[in-house]
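Asker: Below is the file input22.txt, which contains compact mmCIF, N, CA and C atoms.
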# COMPACT_ATOMS: atom_id res chain seq x y z
N MET F 11 2.87 5.42 25.14
CA MET F 11 2.22 5.07 23.89
C MET F 11 1.92 6.34 23.10
N GLN F 12 2.04 6.30 21.81
CA GLN F 12 1.84 7.48 20.97
C GLN F 12 0.41 7.98 21.03
N ARG F 13 -0.57 7.08 21.15
CA ARG F 13 -1.97 7.48 21.20
C ARG F 13 -2.19 8.45 22.36
N ASP F 14 -1.66 8.11 23.53
CA ASP F 14 -1.83 8.96 24.71
C ASP F 14 -1.21 10.34 24.49
N TYR F 15 -0.07 10.37 23.84
CA TYR F 15 0.60 11.64 23.55
C TYR F 15 -0.26 12.50 22.62
N ILE F 16 -0.83 11.87 21.61
CA ILE F 16 -1.67 12.60 20.66
C ILE F 16 -2.92 13.13 21.36
N ILE F 17 -3.50 12.32 22.24
CA ILE F 17 -4.68 12.77 23.00
C ILE F 17 -4.33 13.99 23.85
N GLU F 18 -3.16 13.97 24.48
CA GLU F 18 -2.73 15.12 25.29
C GLU F 18 -2.63 16.38 24.45
N LEU F 19 -2.15 16.25 23.23
CA LEU F 19 -2.06 17.42 22.34
C LEU F 19 -3.45 17.93 21.97
N VAL F 20 -4.35 17.02 21.65
CA VAL F 20 -5.69 17.42 21.22
C VAL F 20 -6.49 17.99 22.40
N LYS F 21 -6.22 17.51 23.61
CA LYS F 21 -6.93 18.00 24.81
C LYS F 21 -6.71 19.48 25.05
N GLN F 22 -5.72 20.05 24.47
CA GLN F 22 -5.48 21.48 24.62
C GLN F 22 -6.60 22.30 23.98
N TYR F 23 -7.35 21.67 23.06
CA TYR F 23 -8.37 22.38 22.30
C TYR F 23 -9.79 21.90 22.60
N VAL F 24 -9.94 20.65 23.08
CA VAL F 24 -11.27 20.10 23.36
C VAL F 24 -11.21 19.32 24.67
N THR F 25 -12.36 18.79 25.11
CA THR F 25 -12.39 18.01 26.35
C THR F 25 -11.67 16.68 26.15
N GLU F 26 -11.36 16.02 27.26
CA GLU F 26 -10.62 14.74 27.20
C GLU F 26 -11.42 13.68 26.44
N GLN F 27 -12.71 13.60 26.69
CA GLN F 27 -13.56 12.62 26.02
C GLN F 27 -13.60 12.88 24.52
N GLN F 28 -13.76 14.14 24.14
CA GLN F 28 -13.77 14.49 22.73
C GLN F 28 -12.42 14.19 22.09
N ALA F 29 -11.34 14.46 22.82
CA ALA F 29 -10.00 14.22 22.29
C ALA F 29 -9.80 12.74 21.99
N GLY F 30 -10.23 11.88 22.92
CA GLY F 30 -10.11 10.44 22.71
C GLY F 30 -10.88 9.98 21.49
N ALA F 31 -12.10 10.51 21.33
CA ALA F 31 -12.93 10.14 20.18
C ALA F 31 -12.30 10.62 18.87
N ILE F 32 -11.77 11.83 18.89
CA ILE F 32 -11.14 12.39 17.68
C ILE F 32 -9.92 11.57 17.29
N VAL F 33 -9.06 11.26 18.25
CA VAL F 33 -7.84 10.51 17.97
C VAL F 33 -8.19 9.10 17.48
N ASP F 34 -9.15 8.45 18.13
CA ASP F 34 -9.56 7.11 17.68
C ASP F 34 -10.07 7.14 16.25
N ARG F 35 -10.83 8.16 15.90
CA ARG F 35 -11.36 8.29 14.53
C ARG F 35 -10.22 8.53 13.53
N LEU F 36 -9.27 9.36 13.88
CA LEU F 36 -8.13 9.63 13.00
C LEU F 36 -7.30 8.36 12.79
N ILE F 37 -7.12 7.57 13.84
CA ILE F 37 -6.39 6.31 13.71
C ILE F 37 -7.16 5.35 12.83
N GLU F 38 -8.48 5.26 13.07
CA GLU F 38 -9.35 4.38 12.29
C GLU F 38 -9.30 4.72 10.80
N GLU F 39 -9.30 6.00 10.49
CA GLU F 39 -9.28 6.45 9.10
C GLU F 39 -7.90 6.37 8.46
N GLY F 40 -6.89 6.08 9.27
CA GLY F 40 -5.55 5.96 8.74
C GLY F 40 -4.81 7.28 8.59
N VAL F 41 -5.38 8.35 9.13
CA VAL F 41 -4.76 9.66 9.04
C VAL F 41 -3.58 9.74 10.00
N VAL F 42 -3.73 9.10 11.18
CA VAL F 42 -2.71 9.11 12.21
C VAL F 42 -2.26 7.69 12.47
N ASN F 43 -0.95 7.49 12.56
CA ASN F 43 -0.39 6.18 12.90
C ASN F 43 0.13 6.25 14.33
N ALA F 44 -0.61 5.59 15.25
CA ALA F 44 -0.22 5.64 16.66
C ALA F 44 0.43 4.33 17.09
N HIS F 45 0.96 3.60 16.14
CA HIS F 45 1.61 2.32 16.44
C HIS F 45 3.12 2.51 16.37
N PHE F 46 3.84 1.44 16.65
CA PHE F 46 5.29 1.48 16.52
C PHE F 46 5.64 1.59 15.04
N GLY F 47 6.65 2.31 14.71
CA GLY F 47 7.27 2.31 13.40
C GLY F 47 6.38 2.22 12.18
N ASN F 48 6.67 1.27 11.33
CA ASN F 48 6.10 1.12 10.01
C ASN F 48 4.61 0.78 10.05
N GLN F 49 3.80 1.54 9.32
CA GLN F 49 2.34 1.34 9.27
C GLN F 49 1.99 -0.03 8.69
N GLU F 50 2.68 -0.46 7.65
CA GLU F 50 2.37 -1.75 7.02
C GLU F 50 2.58 -2.91 7.98
N ILE F 51 3.67 -2.85 8.74
CA ILE F 51 3.95 -3.90 9.72
C ILE F 51 2.87 -3.89 10.79
N SER F 52 2.48 -2.72 11.24
CA SER F 52 1.43 -2.60 12.25
C SER F 52 0.11 -3.18 11.73
N GLU F 53 -0.19 -2.95 10.45
CA GLU F 53 -1.41 -3.50 9.86
C GLU F 53 -1.40 -5.02 9.91
N VAL F 54 -0.27 -5.61 9.55
CA VAL F 54 -0.14 -7.07 9.56
C VAL F 54 -0.31 -7.60 10.99
N ILE F 55 0.36 -6.98 11.94
CA ILE F 55 0.29 -7.40 13.34
C ILE F 55 -1.13 -7.26 13.87
N GLU F 56 -1.77 -6.14 13.60
CA GLU F 56 -3.14 -5.91 14.08
C GLU F 56 -4.12 -6.89 13.45
N THR F 57 -3.97 -7.17 12.16
CA THR F 57 -4.85 -8.14 11.50
C THR F 57 -4.68 -9.51 12.14
N PHE F 58 -3.44 -9.90 12.38
CA PHE F 58 -3.19 -11.20 13.01
C PHE F 58 -3.83 -11.25 14.40
N LYS F 59 -3.67 -10.17 15.17
CA LYS F 59 -4.26 -10.12 16.51
C LYS F 59 -5.77 -10.25 16.46
N GLN F 60 -6.40 -9.56 15.51
CA GLN F 60 -7.86 -9.59 15.40
C GLN F 60 -8.36 -10.96 14.95
N LYS F 61 -7.69 -11.55 13.99
CA LYS F 61 -8.18 -12.81 13.42
C LYS F 61 -7.91 -14.01 14.30
N PHE F 62 -6.80 -13.98 15.04
CA PHE F 62 -6.42 -15.14 15.84
C PHE F 62 -6.54 -14.90 17.34
N GLY F 63 -6.93 -13.70 17.75
CA GLY F 63 -7.13 -13.41 19.15
C GLY F 63 -5.86 -13.37 19.97
N THR F 64 -4.74 -13.15 19.33
CA THR F 64 -3.47 -13.07 20.03
C THR F 64 -3.32 -11.69 20.65
N THR F 65 -2.83 -11.65 21.86
CA THR F 65 -2.64 -10.34 22.49
C THR F 65 -1.17 -9.98 22.66
N ARG F 66 -0.30 -10.97 22.61
CA ARG F 66 1.13 -10.72 22.81
C ARG F 66 1.85 -10.74 21.47
N THR F 67 2.66 -9.73 21.26
CA THR F 67 3.46 -9.65 20.04
C THR F 67 4.90 -9.36 20.45
N SER F 68 5.80 -10.19 19.97
CA SER F 68 7.21 -9.98 20.30
C SER F 68 7.88 -9.18 19.18
N ARG F 69 9.08 -8.76 19.47
CA ARG F 69 9.83 -8.03 18.44
C ARG F 69 10.14 -8.96 17.27
N TYR F 70 10.24 -10.26 17.53
CA TYR F 70 10.51 -11.22 16.46
C TYR F 70 9.31 -11.31 15.51
N ASP F 71 8.11 -11.14 16.05
CA ASP F 71 6.92 -11.10 15.21
C ASP F 71 6.96 -9.88 14.29
N ARG F 72 7.40 -8.76 14.83
CA ARG F 72 7.51 -7.54 14.00
C ARG F 72 8.57 -7.72 12.92
N PHE F 73 9.70 -8.35 13.28
CA PHE F 73 10.75 -8.61 12.28
C PHE F 73 10.20 -9.53 11.18
N ALA F 74 9.47 -10.57 11.59
CA ALA F 74 8.90 -11.52 10.63
C ALA F 74 7.89 -10.81 9.73
N ALA F 75 7.07 -9.95 10.31
CA ALA F 75 6.09 -9.20 9.52
C ALA F 75 6.79 -8.31 8.49
N LYS F 76 7.88 -7.68 8.89
CA LYS F 76 8.63 -6.82 7.97
C LYS F 76 9.18 -7.63 6.81
N ARG F 77 9.77 -8.79 7.11
CA ARG F 77 10.31 -9.63 6.04
C ARG F 77 9.22 -10.11 5.08
N MET F 78 8.07 -10.51 5.64
CA MET F 78 6.98 -10.97 4.77
C MET F 78 6.41 -9.83 3.93
N VAL F 79 6.25 -8.66 4.52
CA VAL F 79 5.74 -7.50 3.77
C VAL F 79 6.72 -7.13 2.66
N ASP F 80 8.01 -7.14 2.96
CA ASP F 80 9.03 -6.81 1.95
C ASP F 80 9.01 -7.82 0.80
N LYS F 81 8.81 -9.08 1.12
CA LYS F 81 8.87 -10.14 0.11
C LYS F 81 7.56 -10.33 -0.64
N HIS F 82 6.42 -10.29 0.08
CA HIS F 82 5.14 -10.64 -0.54
C HIS F 82 4.16 -9.48 -0.68
N GLY F 83 4.38 -8.41 0.03
CA GLY F 83 3.47 -7.26 -0.01
C GLY F 83 2.45 -7.32 1.12
N THR F 84 2.03 -6.15 1.56
CA THR F 84 1.11 -6.05 2.69
C THR F 84 -0.22 -6.74 2.42
N GLU F 85 -0.81 -6.46 1.28
CA GLU F 85 -2.13 -7.01 0.96
C GLU F 85 -2.10 -8.53 0.90
N THR F 86 -1.06 -9.10 0.31
CA THR F 86 -0.96 -10.56 0.21
C THR F 86 -0.87 -11.19 1.59
N VAL F 87 -0.07 -10.62 2.46
CA VAL F 87 0.09 -11.16 3.81
C VAL F 87 -1.23 -11.05 4.58
N ILE F 88 -1.90 -9.92 4.48
CA ILE F 88 -3.17 -9.74 5.17
C ILE F 88 -4.23 -10.69 4.62
N GLN F 89 -4.25 -10.88 3.31
CA GLN F 89 -5.20 -11.82 2.71
C GLN F 89 -4.92 -13.25 3.19
N ALA F 90 -3.66 -13.61 3.30
CA ALA F 90 -3.31 -14.95 3.77
C ALA F 90 -3.74 -15.14 5.22
N ILE F 91 -3.54 -14.13 6.06
CA ILE F 91 -3.95 -14.21 7.46
C ILE F 91 -5.46 -14.37 7.56
N THR F 92 -6.19 -13.58 6.78
CA THR F 92 -7.65 -13.64 6.80
C THR F 92 -8.15 -14.99 6.31
N ALA F 93 -7.60 -15.47 5.21
CA ALA F 93 -8.02 -16.76 4.66
C ALA F 93 -7.71 -17.90 5.63
N LEU F 94 -6.52 -17.88 6.21
CA LEU F 94 -6.15 -18.94 7.14
C LEU F 94 -7.04 -18.93 8.38
N SER F 95 -7.41 -17.75 8.84
CA SER F 95 -8.28 -17.68 10.03
C SER F 95 -9.65 -18.28 9.74
N MET F 96 -10.13 -18.11 8.51
CA MET F 96 -11.43 -18.68 8.14
C MET F 96 -11.36 -20.19 7.93
N LEU F 97 -10.20 -20.69 7.53
CA LEU F 97 -10.03 -22.11 7.24
C LEU F 97 -9.41 -22.88 8.40
N GLN F 98 -9.18 -22.22 9.51
CA GLN F 98 -8.46 -22.82 10.63
C GLN F 98 -9.10 -24.10 11.16
N SER F 99 -10.41 -24.23 11.05
CA SER F 99 -11.08 -25.40 11.60
C SER F 99 -11.04 -26.60 10.64
N ARG F 100 -10.57 -26.40 9.44
CA ARG F 100 -10.50 -27.49 8.46
C ARG F 100 -9.43 -28.49 8.84
N GLN F 101 -9.65 -29.73 8.41
CA GLN F 101 -8.67 -30.77 8.66
C GLN F 101 -7.38 -30.45 7.92
N TYR F 102 -6.27 -30.69 8.56
CA TYR F 102 -4.91 -30.47 8.03
C TYR F 102 -4.55 -29.00 7.86
N ALA F 103 -5.33 -28.09 8.46
CA ALA F 103 -4.98 -26.67 8.39
C ALA F 103 -3.71 -26.43 9.20
N PRO F 104 -2.77 -25.67 8.67
CA PRO F 104 -1.56 -25.36 9.43
C PRO F 104 -1.91 -24.59 10.71
N THR F 105 -1.26 -24.94 11.80
CA THR F 105 -1.46 -24.24 13.06
C THR F 105 -0.44 -23.12 13.17
N VAL F 106 -0.94 -21.92 13.33
CA VAL F 106 -0.08 -20.74 13.42
C VAL F 106 -0.47 -19.98 14.68
N ASN F 107 0.46 -19.84 15.61
CA ASN F 107 0.19 -19.17 16.88
C ASN F 107 0.72 -17.75 16.95
N ASN F 108 1.60 -17.38 16.04
CA ASN F 108 2.13 -16.01 16.02
C ASN F 108 2.66 -15.70 14.62
N VAL F 109 3.02 -14.46 14.41
CA VAL F 109 3.46 -14.01 13.09
C VAL F 109 4.76 -14.69 12.67
N SER F 110 5.64 -14.96 13.62
CA SER F 110 6.90 -15.65 13.30
C SER F 110 6.62 -17.05 12.76
N GLU F 111 5.65 -17.73 13.36
CA GLU F 111 5.27 -19.06 12.87
C GLU F 111 4.67 -18.98 11.48
N LEU F 112 3.89 -17.95 11.23
CA LEU F 112 3.32 -17.76 9.90
C LEU F 112 4.43 -17.63 8.87
N GLU F 113 5.46 -16.89 9.21
CA GLU F 113 6.59 -16.74 8.28
C GLU F 113 7.27 -18.08 8.03
N ARG F 114 7.51 -18.84 9.11
CA ARG F 114 8.17 -20.14 8.96
C ARG F 114 7.34 -21.12 8.13
N LYS F 115 6.01 -21.04 8.26
CA LYS F 115 5.12 -21.99 7.59
C LYS F 115 4.48 -21.39 6.34
N TRP F 116 5.01 -20.30 5.84
CA TRP F 116 4.39 -19.56 4.74
C TRP F 116 4.07 -20.44 3.54
N VAL F 117 5.01 -21.22 3.07
CA VAL F 117 4.79 -22.04 1.88
C VAL F 117 3.65 -23.01 2.12
N GLY F 118 3.63 -23.68 3.26
CA GLY F 118 2.56 -24.62 3.59
C GLY F 118 1.21 -23.93 3.71
N VAL F 119 1.21 -22.75 4.28
CA VAL F 119 -0.03 -21.99 4.44
C VAL F 119 -0.60 -21.62 3.08
N VAL F 120 0.24 -21.12 2.20
CA VAL F 120 -0.22 -20.71 0.86
C VAL F 120 -0.73 -21.93 0.09
N LYS F 121 -0.02 -23.05 0.15
CA LYS F 121 -0.47 -24.27 -0.53
C LYS F 121 -1.81 -24.73 0.02
N PHE F 122 -1.97 -24.69 1.33
CA PHE F 122 -3.23 -25.10 1.94
C PHE F 122 -4.38 -24.21 1.49
N ILE F 123 -4.16 -22.89 1.51
CA ILE F 123 -5.22 -21.95 1.12
C ILE F 123 -5.60 -22.18 -0.34
N LYS F 124 -4.62 -22.32 -1.21
CA LYS F 124 -4.91 -22.55 -2.64
C LYS F 124 -5.63 -23.87 -2.83
N GLY F 125 -5.24 -24.90 -2.11
CA GLY F 125 -5.90 -26.20 -2.20
C GLY F 125 -7.35 -26.13 -1.73
N GLU F 126 -7.60 -25.41 -0.66
CA GLU F 126 -8.96 -25.26 -0.15
C GLU F 126 -9.82 -24.44 -1.10
N GLN F 127 -9.24 -23.44 -1.74
CA GLN F 127 -9.99 -22.63 -2.69
C GLN F 127 -10.40 -23.48 -3.89
N SER F 128 -9.51 -24.32 -4.39
CA SER F 128 -9.84 -25.17 -5.54
C SER F 128 -10.86 -26.22 -5.14
N THR F 129 -10.81 -26.72 -3.89
CA THR F 129 -11.79 -27.69 -3.40
C THR F 129 -13.16 -27.04 -3.31
N ALA F 130 -13.22 -25.80 -2.82
CA ALA F 130 -14.48 -25.09 -2.71
C ALA F 130 -15.08 -24.83 -4.07
N ILE F 131 -14.27 -24.51 -5.05
CA ILE F 131 -14.76 -24.27 -6.43
C ILE F 131 -15.27 -25.59 -7.01
N ALA F 132 -14.57 -26.70 -6.77
CA ALA F 132 -14.98 -27.99 -7.30
C ALA F 132 -16.29 -28.44 -6.69
N GLU F 133 -16.57 -28.06 -5.42
CA GLU F 133 -17.81 -28.45 -4.75
C GLU F 133 -19.00 -27.71 -5.33
N LEU F 134 -18.78 -26.56 -5.94
CA LEU F 134 -19.88 -25.79 -6.55
C LEU F 134 -20.28 -26.48 -7.82
What would the structure in this file look like if it were written as structure tokens?

Answerer:
Amino acid sequence: MQRDYIIELVKQYVTEQQAGAIVDRLIEEGVVNAHFGNQEISEVIETFKQKFGTTRTSRYDRFAAKRMVDKHGTETVIQAITALSMLQSRQYAPTVNNVSELERKWVGVVKFIKGEQSTAIAEL
């Protein structure tokens, strides 16, 4: 893993505990990317993992994330993941178990989110 490699480099100058804290902070701040490949794809995957509690990600999920980011943009995909996670308990909410499923159900997910937003506004 890249994180471990970066920690080994930093350990040459500080203690192991300090190195871990420094690297974690740099990753958190976005200064260092210790994930696979593209940072935007990693952001989408990590957001999905956090919001839906998924721990397994396949290469097909990464491919799906790349296609969605290329087509819709990183922020739009992350916003859709966040909104869907908050609306997941609603009746007729699309069930999405991984990023590949999100890509397949994208149109339905977007329609559902927009419909729920208009319903929430009408209830006010």

Asker: To one decimal place in Å, what is the distance between atom CA of Val41 of chain F and atom CA of Gln12 of chain F?

Answerer: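 Spanning atom CA of Val41 of chain F to atom CA of Gln12 of chain F is a straight-line distance of 13.8 Å.
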
Asker: State, in Å with one decimal place, the distance from atom CA of Arg13 of chain F to atom CA of Asp80 of chain F.

Answerer: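 Those two atoms sit 26.4 Å apart.
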
Asker: Among segment 29-105 of chain F, which residues carry a DSSP assignment of alpha helix (DSSP H), reported as a PyMOL selection string?

Answerer: chain F and resi 29-39+49-62+69-82+84-97

Asker: Could those residues be written to a file, using N, CA and C atoms, as a compact mmCIF listing (two decimals), in the coordinates of the input?

Answerer:
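Saved file result-v9.txt follows:
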# COMPACT_ATOMS: atom_id res chain seq x y z
N ALA F 29 -11.34 14.46 22.82
CA ALA F 29 -10.00 14.22 22.29
C ALA F 29 -9.80 12.74 21.99
N GLY F 30 -10.23 11.88 22.92
CA GLY F 30 -10.11 10.44 22.71
C GLY F 30 -10.88 9.98 21.49
N ALA F 31 -12.10 10.51 21.33
CA ALA F 31 -12.93 10.14 20.18
C ALA F 31 -12.30 10.62 18.87
N ILE F 32 -11.77 11.83 18.89
CA ILE F 32 -11.14 12.39 17.68
C ILE F 32 -9.92 11.57 17.29
N VAL F 33 -9.06 11.26 18.25
CA VAL F 33 -7.84 10.51 17.97
C VAL F 33 -8.19 9.10 17.48
N ASP F 34 -9.15 8.45 18.13
CA ASP F 34 -9.56 7.11 17.68
C ASP F 34 -10.07 7.14 16.25
N ARG F 35 -10.83 8.16 15.90
CA ARG F 35 -11.36 8.29 14.53
C ARG F 35 -10.22 8.53 13.53
N LEU F 36 -9.27 9.36 13.88
CA LEU F 36 -8.13 9.63 13.00
C LEU F 36 -7.30 8.36 12.79
N ILE F 37 -7.12 7.57 13.84
CA ILE F 37 -6.39 6.31 13.71
C ILE F 37 -7.16 5.35 12.83
N GLU F 38 -8.48 5.26 13.07
CA GLU F 38 -9.35 4.38 12.29
C GLU F 38 -9.30 4.72 10.80
N GLU F 39 -9.30 6.00 10.49
CA GLU F 39 -9.28 6.45 9.10
C GLU F 39 -7.90 6.37 8.46
N GLN F 49 3.80 1.54 9.32
CA GLN F 49 2.34 1.34 9.27
C GLN F 49 1.99 -0.03 8.69
N GLU F 50 2.68 -0.46 7.65
CA GLU F 50 2.37 -1.75 7.02
C GLU F 50 2.58 -2.91 7.98
N ILE F 51 3.67 -2.85 8.74
CA ILE F 51 3.95 -3.90 9.72
C ILE F 51 2.87 -3.89 10.79
N SER F 52 2.48 -2.72 11.24
CA SER F 52 1.43 -2.60 12.25
C SER F 52 0.11 -3.18 11.73
N GLU F 53 -0.19 -2.95 10.45
CA GLU F 53 -1.41 -3.50 9.86
C GLU F 53 -1.40 -5.02 9.91
N VAL F 54 -0.27 -5.61 9.55
CA VAL F 54 -0.14 -7.07 9.56
C VAL F 54 -0.31 -7.60 10.99
N ILE F 55 0.36 -6.98 11.94
CA ILE F 55 0.29 -7.40 13.34
C ILE F 55 -1.13 -7.26 13.87
N GLU F 56 -1.77 -6.14 13.60
CA GLU F 56 -3.14 -5.91 14.08
C GLU F 56 -4.12 -6.89 13.45
N THR F 57 -3.97 -7.17 12.16
CA THR F 57 -4.85 -8.14 11.50
C THR F 57 -4.68 -9.51 12.14
N PHE F 58 -3.44 -9.90 12.38
CA PHE F 58 -3.19 -11.20 13.01
C PHE F 58 -3.83 -11.25 14.40
N LYS F 59 -3.67 -10.17 15.17
CA LYS F 59 -4.26 -10.12 16.51
C LYS F 59 -5.77 -10.25 16.46
N GLN F 60 -6.40 -9.56 15.51
CA GLN F 60 -7.86 -9.59 15.40
C GLN F 60 -8.36 -10.96 14.95
N LYS F 61 -7.69 -11.55 13.99
CA LYS F 61 -8.18 -12.81 13.42
C LYS F 61 -7.91 -14.01 14.30
N PHE F 62 -6.80 -13.98 15.04
CA PHE F 62 -6.42 -15.14 15.84
C PHE F 62 -6.54 -14.90 17.34
N ARG F 69 9.08 -8.76 19.47
CA ARG F 69 9.83 -8.03 18.44
C ARG F 69 10.14 -8.96 17.27
N TYR F 70 10.24 -10.26 17.53
CA TYR F 70 10.51 -11.22 16.46
C TYR F 70 9.31 -11.31 15.51
N ASP F 71 8.11 -11.14 16.05
CA ASP F 71 6.92 -11.10 15.21
C ASP F 71 6.96 -9.88 14.29
N ARG F 72 7.40 -8.76 14.83
CA ARG F 72 7.51 -7.54 14.00
C ARG F 72 8.57 -7.72 12.92
N PHE F 73 9.70 -8.35 13.28
CA PHE F 73 10.75 -8.61 12.28
C PHE F 73 10.20 -9.53 11.18
N ALA F 74 9.47 -10.57 11.59
CA ALA F 74 8.90 -11.52 10.63
C ALA F 74 7.89 -10.81 9.73
N ALA F 75 7.07 -9.95 10.31
CA ALA F 75 6.09 -9.20 9.52
C ALA F 75 6.79 -8.31 8.49
N LYS F 76 7.88 -7.68 8.89
CA LYS F 76 8.63 -6.82 7.97
C LYS F 76 9.18 -7.63 6.81
N ARG F 77 9.77 -8.79 7.11
CA ARG F 77 10.31 -9.63 6.04
C ARG F 77 9.22 -10.11 5.08
N MET F 78 8.07 -10.51 5.64
CA MET F 78 6.98 -10.97 4.77
C MET F 78 6.41 -9.83 3.93
N VAL F 79 6.25 -8.66 4.52
CA VAL F 79 5.74 -7.50 3.77
C VAL F 79 6.72 -7.13 2.66
N ASP F 80 8.01 -7.14 2.96
CA ASP F 80 9.03 -6.81 1.95
C ASP F 80 9.01 -7.82 0.80
N LYS F 81 8.81 -9.08 1.12
CA LYS F 81 8.87 -10.14 0.11
C LYS F 81 7.56 -10.33 -0.64
N HIS F 82 6.42 -10.29 0.08
CA HIS F 82 5.14 -10.64 -0.54
C HIS F 82 4.16 -9.48 -0.68
N THR F 84 2.03 -6.15 1.56
CA THR F 84 1.11 -6.05 2.69
C THR F 84 -0.22 -6.74 2.42
N GLU F 85 -0.81 -6.46 1.28
CA GLU F 85 -2.13 -7.01 0.96
C GLU F 85 -2.10 -8.53 0.90
N THR F 86 -1.06 -9.10 0.31
CA THR F 86 -0.96 -10.56 0.21
C THR F 86 -0.87 -11.19 1.59
N VAL F 87 -0.07 -10.62 2.46
CA VAL F 87 0.09 -11.16 3.81
C VAL F 87 -1.23 -11.05 4.58
N ILE F 88 -1.90 -9.92 4.48
CA ILE F 88 -3.17 -9.74 5.17
C ILE F 88 -4.23 -10.69 4.62
N GLN F 89 -4.25 -10.88 3.31
CA GLN F 89 -5.20 -11.82 2.71
C GLN F 89 -4.92 -13.25 3.19
N ALA F 90 -3.66 -13.61 3.30
CA ALA F 90 -3.31 -14.95 3.77
C ALA F 90 -3.74 -15.14 5.22
N ILE F 91 -3.54 -14.13 6.06
CA ILE F 91 -3.95 -14.21 7.46
C ILE F 91 -5.46 -14.37 7.56
N THR F 92 -6.19 -13.58 6.78
CA THR F 92 -7.65 -13.64 6.80
C THR F 92 -8.15 -14.99 6.31
N ALA F 93 -7.60 -15.47 5.21
CA ALA F 93 -8.02 -16.76 4.66
C ALA F 93 -7.71 -17.90 5.63
N LEU F 94 -6.52 -17.88 6.21
CA LEU F 94 -6.15 -18.94 7.14
C LEU F 94 -7.04 -18.93 8.38
N SER F 95 -7.41 -17.75 8.84
CA SER F 95 -8.28 -17.68 10.03
C SER F 95 -9.65 -18.28 9.74
N MET F 96 -10.13 -18.11 8.51
CA MET F 96 -11.43 -18.68 8.14
C MET F 96 -11.36 -20.19 7.93
N LEU F 97 -10.20 -20.69 7.53
CA LEU F 97 -10.03 -22.11 7.24
C LEU F 97 -9.41 -22.88 8.40

Asker: Quick one: residues within 6 Å of segment 47-56 of chain F, all atoms listed in the file, excluding same-chain residues fewer than 2 positions away - as number ranges by chain?

Answerer: F: 45, 58-61, 75-76, 88

Asker: What does the structure give for the distance between atom CA of Gly125 of chain F and atom C of Gly63 of chain F, in Å to one decimal?

Answerer: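 Taking atom CA of Gly125 of chain F as the start and atom C of Gly63 of chain F as the end point, the length is 25.6 Å.
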
Asker: Once you add 4 Å to each side, what are the centre and edge lengths of the axis-aligned box holding all listed atoms of segment 103-108 of chain F? One decimal in Å, as lines of an AutoDock Vina configuration file, if you can.

Answerer:
center_x = -1.3
center_y = -21.9
center_z = 12.7
size_x = 16.0
size_y = 20.4
size_z = 16.6

Asker: So which residues touch Pro104 of chain F within 7 Å, counting all atoms listed in the file, skipping near sequence neighbours fewer than 3 positions away, as a PyMOL selection string?

Answerer: chain F and resi 98+101+118-119+122

Asker: How would the residues just picked look written out with N, CA and C atoms as a PDB file, in the coordinates of the input?

Answerer:
ATOM      1  N   GLN F  98      -9.180 -22.220   9.510  1.00  0.00           N
ATOM      2  CA  GLN F  98      -8.460 -22.820  10.630  1.00  0.00           C
ATOM      3  C   GLN F  98      -9.100 -24.100  11.160  1.00  0.00           C
ATOM      4  N   GLN F 101      -9.650 -29.730   8.410  1.00  0.00           N
ATOM      5  CA  GLN F 101      -8.670 -30.770   8.660  1.00  0.00           C
ATOM      6  C   GLN F 101      -7.380 -30.450   7.920  1.00  0.00           C
ATOM      7  N   GLY F 118       3.630 -23.680   3.260  1.00  0.00           N
ATOM      8  CA  GLY F 118       2.560 -24.620   3.590  1.00  0.00           C
ATOM      9  C   GLY F 118       1.210 -23.930   3.710  1.00  0.00           C
ATOM     10  N   VAL F 119       1.210 -22.750   4.280  1.00  0.00           N
ATOM     11  CA  VAL F 119      -0.030 -21.990   4.440  1.00  0.00           C
ATOM     12  C   VAL F 119      -0.600 -21.620   3.080  1.00  0.00           C
ATOM     13  N   PHE F 122      -1.970 -24.690   1.330  1.00  0.00           N
ATOM     14  CA  PHE F 122      -3.230 -25.100   1.940  1.00  0.00           C
ATOM     15  C   PHE F 122      -4.380 -24.210   1.490  1.00  0.00           C
TER      16      PHE F 122
END

Asker: Which is closest to Thr92 of chain F among F:Thr57, F:Asn107, F:Leu112, F:Ala29, if we use all atoms listed in the file?

Answerer: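 Using all atoms listed in the file, Thr92 of chain F sits closest to F:Thr57.
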
Asker: Export segment 16-41 of chain F from the structure block above, keeping C-alpha atoms, as a PDB file, in the first residue's frame.

Answerer:
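In the end it all went to part19.pdb:
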ATOM      1  CA  ILE F  16       5.173   6.990   2.563  1.00  0.00           C
ATOM      2  CA  ILE F  17       5.360   6.255   6.299  1.00  0.00           C
ATOM      3  CA  GLU F  18       8.654   4.409   5.750  1.00  0.00           C
ATOM      4  CA  LEU F  19      10.065   7.472   3.998  1.00  0.00           C
ATOM      5  CA  VAL F  20       8.928   9.845   6.741  1.00  0.00           C
ATOM      6  CA  LYS F  21      10.255   7.513   9.485  1.00  0.00           C
ATOM      7  CA  GLN F  22      13.759   8.368   8.357  1.00  0.00           C
ATOM      8  CA  TYR F  23      13.263  11.789   9.968  1.00  0.00           C
ATOM      9  CA  VAL F  24      10.818  11.204  12.860  1.00  0.00           C
ATOM     10  CA  THR F  25       9.520   8.358  15.046  1.00  0.00           C
ATOM     11  CA  GLU F  26       7.128   5.758  13.618  1.00  0.00           C
ATOM     12  CA  GLN F  27       4.159   7.130  15.564  1.00  0.00           C
ATOM     13  CA  GLN F  28       4.871  10.677  14.416  1.00  0.00           C
ATOM     14  CA  ALA F  29       5.322   9.468  10.837  1.00  0.00           C
ATOM     15  CA  GLY F  30       1.911   7.781  10.862  1.00  0.00           C
ATOM     16  CA  ALA F  31       0.257  10.917  12.229  1.00  0.00           C
ATOM     17  CA  ILE F  32       1.999  13.146   9.681  1.00  0.00           C
ATOM     18  CA  VAL F  33       1.065  10.926   6.727  1.00  0.00           C
ATOM     19  CA  ASP F  34      -2.549  10.604   7.899  1.00  0.00           C
ATOM     20  CA  ARG F  35      -2.795  14.395   8.181  1.00  0.00           C
ATOM     21  CA  LEU F  36      -1.292  14.914   4.716  1.00  0.00           C
ATOM     22  CA  ILE F  37      -3.771  12.420   3.240  1.00  0.00           C
ATOM     23  CA  GLU F  38      -6.648  14.087   5.114  1.00  0.00           C
ATOM     24  CA  GLU F  39      -5.652  17.508   3.785  1.00  0.00           C
ATOM     25  CA  GLY F  40      -5.388  16.165   0.254  1.00  0.00           C
ATOM     26  CA  VAL F  41      -1.689  16.947  -0.058  1.00  0.00           C
TER      27      VAL F  41
END
